[in-house]
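Participant: This is the content of input.tsv (TSV, C-alpha atoms):
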chain	number	residue	atom	x	y	z
A	260	MET	CA	0.00	0.00	0.00
A	261	ALA	CA	1.41	3.33	-1.00
A	262	GLY	CA	2.32	5.78	1.74
A	263	PRO	CA	1.17	9.39	1.98
A	264	ALA	CA	2.25	11.66	-0.84
A	265	THR	CA	5.25	13.90	-0.17
A	266	ALA	CA	5.05	17.67	-0.58
A	267	VAL	CA	7.04	17.39	-3.81
A	268	GLN	CA	4.64	14.79	-5.20
A	269	ARG	CA	1.69	16.99	-4.33
A	270	GLU	CA	3.28	19.93	-6.14
A	271	LEU	CA	4.05	17.75	-9.17
A	272	ALA	CA	0.43	16.58	-9.15
A	273	LYS	CA	-0.71	20.15	-9.72
A	274	LEU	CA	1.04	20.08	-13.08
A	275	HIS	CA	-0.99	17.02	-14.06
A	276	ALA	CA	-4.26	18.93	-13.92
A	277	MET	CA	-3.84	20.40	-17.38
A	278	ASN	CA	-5.64	19.52	-20.55
A	279	SER	CA	-4.06	18.06	-23.68
A	280	LYS	CA	-2.96	21.51	-24.82
A	281	GLY	CA	-0.96	22.02	-21.61
A	282	ILE	CA	-3.27	24.59	-20.03
A	283	ARG	CA	-5.81	24.42	-17.28
A	284	PRO	CA	-9.48	24.31	-18.41
A	285	GLY	CA	-10.95	27.72	-18.99
A	286	ARG	CA	-7.67	29.48	-19.71
A	287	ARG	CA	-6.95	30.88	-23.12
A	288	ALA	CA	-3.23	30.84	-23.83
A	289	ARG	CA	-1.19	30.92	-27.00
A	290	LYS	CA	1.98	29.61	-25.37
A	291	PRO	CA	0.82	26.81	-23.11
A	292	GLY	CA	4.29	25.57	-22.21
A	293	LEU	CA	7.16	27.04	-20.22
A	294	GLU	CA	10.86	27.60	-20.78
A	295	ILE	CA	12.89	27.07	-17.61
A	296	ALA	CA	16.61	27.69	-17.25
A	297	LEU	CA	18.86	26.32	-14.51
A	298	LEU	CA	22.02	28.10	-13.43
A	299	GLY	CA	24.76	26.81	-11.17
A	300	VAL	CA	28.27	25.45	-11.01
A	301	ASP	CA	29.04	21.77	-11.63
A	302	GLY	CA	27.76	19.75	-8.70
A	303	ALA	CA	24.96	22.16	-7.80
A	304	GLY	CA	22.31	19.63	-8.83
A	305	LYS	CA	21.03	20.96	-12.15
A	306	THR	CA	20.75	17.47	-13.66
A	307	SER	CA	18.96	16.09	-10.59
A	308	VAL	CA	16.41	18.91	-10.63
A	309	ALA	CA	15.81	18.54	-14.37
A	310	ASP	CA	15.41	14.77	-14.07
A	311	ALA	CA	12.81	15.20	-11.31
A	312	PHE	CA	10.41	16.69	-13.86
A	313	ARG	CA	10.48	13.52	-15.94
A	314	CYS	CA	8.09	11.84	-13.50
A	315	ILE	CA	5.15	14.04	-14.48
A	316	THR	CA	2.76	13.16	-17.28
A	317	HIS	CA	3.04	16.57	-18.90
A	318	PRO	CA	5.51	16.65	-21.84
A	319	VAL	CA	8.98	17.60	-20.59
A	320	LYS	CA	12.07	18.21	-22.70
A	321	VAL	CA	15.50	18.75	-21.16
A	322	ILE	CA	17.82	20.59	-23.54
A	323	ALA	CA	21.57	20.68	-22.90
A	324	MET	CA	23.04	24.11	-23.57
A	325	GLY	CA	26.58	23.41	-22.35
A	326	SER	CA	29.27	23.09	-25.00
A	327	ALA	CA	30.38	19.78	-23.46
A	328	HIS	CA	27.25	18.21	-24.95
A	329	PHE	CA	28.05	19.28	-28.52
A	330	ARG	CA	29.30	16.14	-30.26
A	331	CYS	CA	31.15	17.88	-33.08
A	332	LEU	CA	33.09	20.24	-30.81
A	333	PRO	CA	36.25	18.07	-30.43
A	334	VAL	CA	36.55	17.72	-34.21
A	335	LEU	CA	36.08	21.46	-34.75
A	336	GLN	CA	38.67	22.28	-32.09
A	337	ARG	CA	41.15	20.00	-33.80
A	338	PHE	CA	40.84	21.33	-37.35
A	339	PHE	CA	39.55	24.90	-37.10
A	340	PRO	CA	40.71	28.13	-35.43
A	341	SER	CA	39.04	29.41	-32.28
A	342	PRO	CA	36.73	31.98	-33.96
A	343	VAL	CA	35.20	29.27	-36.13
A	344	VAL	CA	34.69	27.01	-33.13
A	345	GLN	CA	33.02	29.82	-31.15
A	346	LEU	CA	30.70	30.59	-34.07
A	347	ALA	CA	29.76	26.90	-34.34
A	348	VAL	CA	28.99	26.76	-30.62
A	349	HIS	CA	26.76	29.83	-30.93
A	350	LEU	CA	24.95	28.26	-33.88
A	351	GLU	CA	24.36	25.04	-31.94
A	352	ARG	CA	23.02	26.95	-28.94
A	353	MET	CA	20.77	29.03	-31.18
A	354	LEU	CA	19.26	25.94	-32.80
A	355	ARG	CA	18.65	24.34	-29.41
A	356	ARG	CA	17.07	27.50	-28.02
A	357	TRP	CA	14.73	27.87	-30.98
A	358	LEU	CA	13.82	24.19	-30.64
A	359	GLY	CA	12.97	24.77	-26.99
A	360	PHE	CA	10.88	27.83	-27.79
A	361	CYS	CA	8.89	25.93	-30.42
A	362	LEU	CA	8.31	23.00	-28.06
A	363	ALA	CA	7.04	25.41	-25.39
A	364	CYS	CA	4.66	26.92	-27.92
A	365	PHE	CA	3.20	23.43	-28.37
A	366	GLY	CA	2.74	22.92	-24.64
A	367	SER	CA	5.94	21.29	-23.39
A	368	ILE	CA	7.86	22.21	-20.27
A	369	VAL	CA	11.34	22.90	-21.61
A	370	ILE	CA	14.24	22.83	-19.18
A	371	TYR	CA	17.62	24.23	-20.24
A	372	ASP	CA	20.44	22.81	-18.13
A	373	ARG	CA	22.19	26.15	-18.54
A	374	HIS	CA	20.81	29.62	-19.12
A	375	PRO	CA	21.29	30.75	-22.75
A	376	LEU	CA	23.21	33.81	-21.50
A	377	GLU	CA	25.37	32.00	-18.95
A	378	GLN	CA	28.53	32.40	-21.06
A	379	PHE	CA	27.88	36.08	-21.85
A	380	ASN	CA	31.01	38.14	-21.18
A	381	THR	CA	29.95	40.99	-18.92
A	382	LYS	CA	33.39	42.61	-18.93
A	383	PRO	CA	34.72	42.38	-22.49
A	384	THR	CA	38.23	43.78	-22.49
A	385	LEU	CA	39.14	42.92	-26.09
A	386	LEU	CA	37.40	43.46	-29.40
A	387	ARG	CA	37.09	39.70	-29.93
A	388	HIS	CA	35.21	39.46	-26.63
A	389	ARG	CA	32.72	42.06	-27.82
A	390	ILE	CA	32.30	40.31	-31.17
A	391	ASN	CA	31.73	36.99	-29.41
A	392	ASN	CA	28.93	38.59	-27.36
A	393	TYR	CA	26.86	39.63	-30.39
A	394	PRO	CA	25.49	36.16	-31.30
A	395	PHE	CA	23.90	35.87	-27.85
A	396	TYR	CA	21.25	38.32	-29.03
A	397	LEU	CA	20.06	35.73	-31.56
A	398	TYR	CA	18.96	33.31	-28.85
A	399	GLY	CA	19.25	35.12	-25.52
A	400	TRP	CA	15.71	36.49	-25.15
A	401	PRO	CA	14.20	35.91	-21.66
A	402	VAL	CA	13.00	32.51	-20.51
A	403	ASP	CA	9.88	32.16	-18.34
A	404	LEU	CA	11.66	31.05	-15.16
A	405	THR	CA	15.29	31.03	-14.08
A	406	PHE	CA	16.63	29.17	-11.04
A	407	TRP	CA	20.11	29.81	-9.65
A	408	LEU	CA	21.28	26.77	-7.70
A	409	THR	CA	24.03	27.71	-5.28
A	410	GLY	CA	25.25	27.06	-1.73
A	411	ASP	CA	28.37	26.23	0.25
A	412	TYR	CA	31.18	25.70	-2.26
A	413	GLN	CA	33.12	23.23	-0.14
A	414	GLN	CA	30.08	20.96	0.08
A	415	ILE	CA	29.44	21.32	-3.65
A	416	TYR	CA	33.10	20.44	-4.31
A	417	GLU	CA	32.74	17.23	-2.31
A	418	ARG	CA	29.99	16.06	-4.66
A	419	LYS	CA	32.15	15.91	-7.81
A	420	LYS	CA	35.65	17.01	-6.80
A	421	GLU	CA	36.14	18.46	-10.26
A	422	PHE	CA	36.91	22.08	-9.37
A	423	THR	CA	38.25	23.50	-6.13
A	424	ALA	CA	35.92	25.41	-3.82
A	425	GLU	CA	37.74	28.62	-4.76
A	426	ARG	CA	37.21	27.95	-8.45
A	427	LEU	CA	33.52	27.18	-7.88
A	428	HIS	CA	33.15	30.44	-5.99
A	429	ALA	CA	34.74	32.35	-8.88
A	430	LEU	CA	32.42	30.66	-11.40
A	431	ASP	CA	29.39	31.49	-9.26
A	432	GLU	CA	30.52	35.12	-9.12
A	433	GLN	CA	30.51	35.16	-12.92
A	434	ILE	CA	26.97	33.76	-12.92
A	435	SER	CA	25.90	36.42	-10.42
A	436	ASP	CA	27.44	39.11	-12.62
A	437	VAL	CA	25.52	37.87	-15.67
A	438	LEU	CA	22.25	37.87	-13.71
A	439	VAL	CA	22.82	41.46	-12.58
A	440	ARG	CA	24.22	42.91	-15.81
A	441	ARG	CA	21.58	41.27	-18.03
A	442	HIS	CA	18.74	42.03	-15.57
A	443	ILE	CA	17.62	38.40	-15.41
A	444	ASP	CA	14.81	37.76	-12.94
A	445	HIS	CA	15.58	34.58	-11.03
A	446	TRP	CA	14.96	32.47	-7.96
A	447	LYS	CA	17.99	31.69	-5.80
A	448	VAL	CA	17.87	28.17	-4.32
A	449	ASN	CA	20.35	26.97	-1.68
A	450	VAL	CA	21.26	23.39	-2.56
A	451	THR	CA	23.46	22.64	0.45
A	452	ASP	CA	21.23	23.84	3.29
A	453	ASN	CA	18.34	21.82	1.83
A	454	ASN	CA	18.03	18.20	0.71
A	455	LEU	CA	17.21	17.25	-2.87
A	456	ASP	CA	13.47	16.87	-2.23
A	457	ASP	CA	13.31	20.37	-0.76
A	458	VAL	CA	15.25	21.85	-3.69
A	459	VAL	CA	13.04	20.10	-6.23
A	460	GLY	CA	9.97	21.14	-4.25
A	461	ALA	CA	11.02	24.80	-4.31
A	462	VAL	CA	11.51	24.70	-8.07
A	463	VAL	CA	8.28	22.81	-8.73
A	464	ARG	CA	6.25	25.22	-6.58
A	465	GLN	CA	7.40	28.16	-8.67
A	466	VAL	CA	6.68	26.32	-11.92
A	467	SER	CA	3.20	25.43	-10.66
A	468	ALA	CA	2.61	29.03	-9.57
A	469	LYS	CA	3.62	30.23	-13.03
A	470	PHE	CA	0.87	28.13	-14.56
A	471	ASP	CA	-1.62	29.26	-11.90
A	472	ALA	CA	-0.80	32.93	-12.42
A	473	GLY	CA	-2.11	32.82	-15.97
A	474	SER	CA	0.87	34.78	-17.23
A	475	GLN	CA	1.03	32.82	-20.48
A	476	ALA	CA	-1.80	34.66	-22.23
A	477	GLN	CA	0.43	35.75	-25.10
A	478	ILE	CA	3.40	34.20	-26.83
A	479	GLU	CA	6.68	35.75	-25.89
A	480	ASN	CA	7.92	36.56	-29.35
A	481	PRO	CA	11.67	36.36	-29.94
A	482	PRO	CA	13.24	39.62	-31.09
A	483	GLY	CA	13.56	40.16	-34.80
A	484	VAL	CA	16.89	39.05	-36.19
Any chance you could put this one into structure tokens?
Facilitator:
Amino acid sequence: MAGPATAVQRELAKLHAMNSKGIRPGRRARKPGLEIALLGVDGAGKTSVADAFRCITHPVKVIAMGSAHFRCLPVLQRFFPSPVVQLAVHLERMLRRWLGFCLACFGSIVIYDRHPLEQFNTKPTLLRHRINNYPFYLYGWPVDLTFWLTGDYQQIYERKKEFTAERLHALDEQISDVLVRRHIDHWKVNVTDNNLDDVVGAVVRQVSAKFDAGSQAQIENPPGV
């Protein structure tokens, strides 16, 4: 016999009460889905949070925006100069972002494992840095919800032991700078003071509230390019 539902399961259940078009009965919306971006250093739990949404019946698509997931990148780095590689990475990100936007227009919950603007250079010191920032405008329009997963860097380091706590802190400072400079509205979630269920619950509650708020009455049109 199944035990009582957890708070997270109850929040996820709210997302089930939508019709086949991804909206609650009685609501008129042209963009029934949502685009959600996760921010955080390696080990912050972005993959775990994204995977938690796979248990709901509503269509969910997780889209990897990190360059490590681009299969052709090692070949390009071997045979082409850096500017060509950077342009190819921008093109790949742009295609994935447009795919996510289209899926959201058809009712899916789209989760980007990294914010499209995460690699934006907020302090370009060289001309090539400024040039590399321009393509972000082709796919960097706002998402519906952004979650910044952060916490104690020593504890995050212990999860993967890939970067030192000092390096993780520096990377998180860059993320914070992007959020401020690009005026990105976001929810900050502490992933070390809370267990995974609490972190997922916090994210799910905001996603559920976004549906309840009825803020999807119009499609968020990408800027003209």
Participant: With distances taken over all atoms listed in the file, which residue among A:Arg373, A:Arg389, A:Lys419, A:Lys320 lies nearest Gly359 (chain A)?
Facilitator: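 Nearest candidate to Gly359 (chain A) out of A:Arg373, A:Arg389, A:Lys419, A:Lys320: A:Lys320.
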Participant: Measuring atom to atom with all atoms listed in the file, identify which of A:Asn454, A:Ser467, A:Thr423, A:Gln433 is nearest to Glu377 (chain A).
Facilitator: A:Gln433
Participant: Given only C-alpha atoms as the basis, pick out the residue of A:Ala309, A:Ala468, A:Leu404, A:Leu332 nearest to Ile443 (chain A).
Facilitator: A:Leu404
Participant: For a test of reading the model, state the distance in Å between CA of His349 (chain A) and CA of Gly366 (chain A), rounded to one decimal.
Facilitator: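 Computing the Euclidean distance for CA of His349 (chain A) and CA of Gly366 (chain A) yields 25.8 Å.
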Participant: If we draw a sphere of 10 Å around (27.8, 20.8, -10.9), which residues have at least one atom in it when counting only C-alpha atoms? Please report them as a PyMOL selection string.
Facilitator: chain A and resi 298-306+408-409+415-416+418-422+427
Participant: Could you work out how far CA of His445 (chain A) lies from CA of Asn392 (chain A), giving the answer in Å with one decimal?
Facilitator: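 We find that CA of Asn392 (chain A) and CA of His445 (chain A) lie 21.5 Å from each other.
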Participant: Can you measure CA of Ala347 (chain A) to CA of Asn391 (chain A) for me? One decimal in Å is fine.
Facilitator: 11.4 Å
Participant: Point out the residue among A:Val344, A:Val437, A:Val448, A:Val463 with the least atom-to-atom distance to Pro375 (chain A), counting only C-alpha atoms.
Facilitator: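 For Pro375 (chain A), the nearest of the given residues is A:Val437.
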Participant: From the list A:Val369, A:Cys364, A:Val459, A:Leu385, which residue is nearest Pro291 (chain A) when using all atoms listed in the file?
Facilitator: A:Cys364
Participant: Determine, counting only C-alpha atoms, which protein, DNA and RNA residues have an atom within 10 Å of an atom of Gln345 (chain A); residues of the same chain fewer than 3 positions away are not included. Present the result as a PyMOL selection string.
Facilitator: chain A and resi 326+332+335-336+340-342+348-351+391+394
Participant: Excluding Gly410 (chain A) and its own-chain neighbours fewer than 4 positions away, which residues fall within 7 Å of it when counting only C-alpha atoms? Please give them as a ChimeraX atom specification.
Facilitator: /A:449-451
Participant: Which residue gives the smallest distance to Pro401 (chain A) among A:Gln465, A:Ile322, A:His374, A:Arg440, with only C-alpha atoms counted?
Facilitator: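 Selected residue with least distance to Pro401 (chain A): A:His374.
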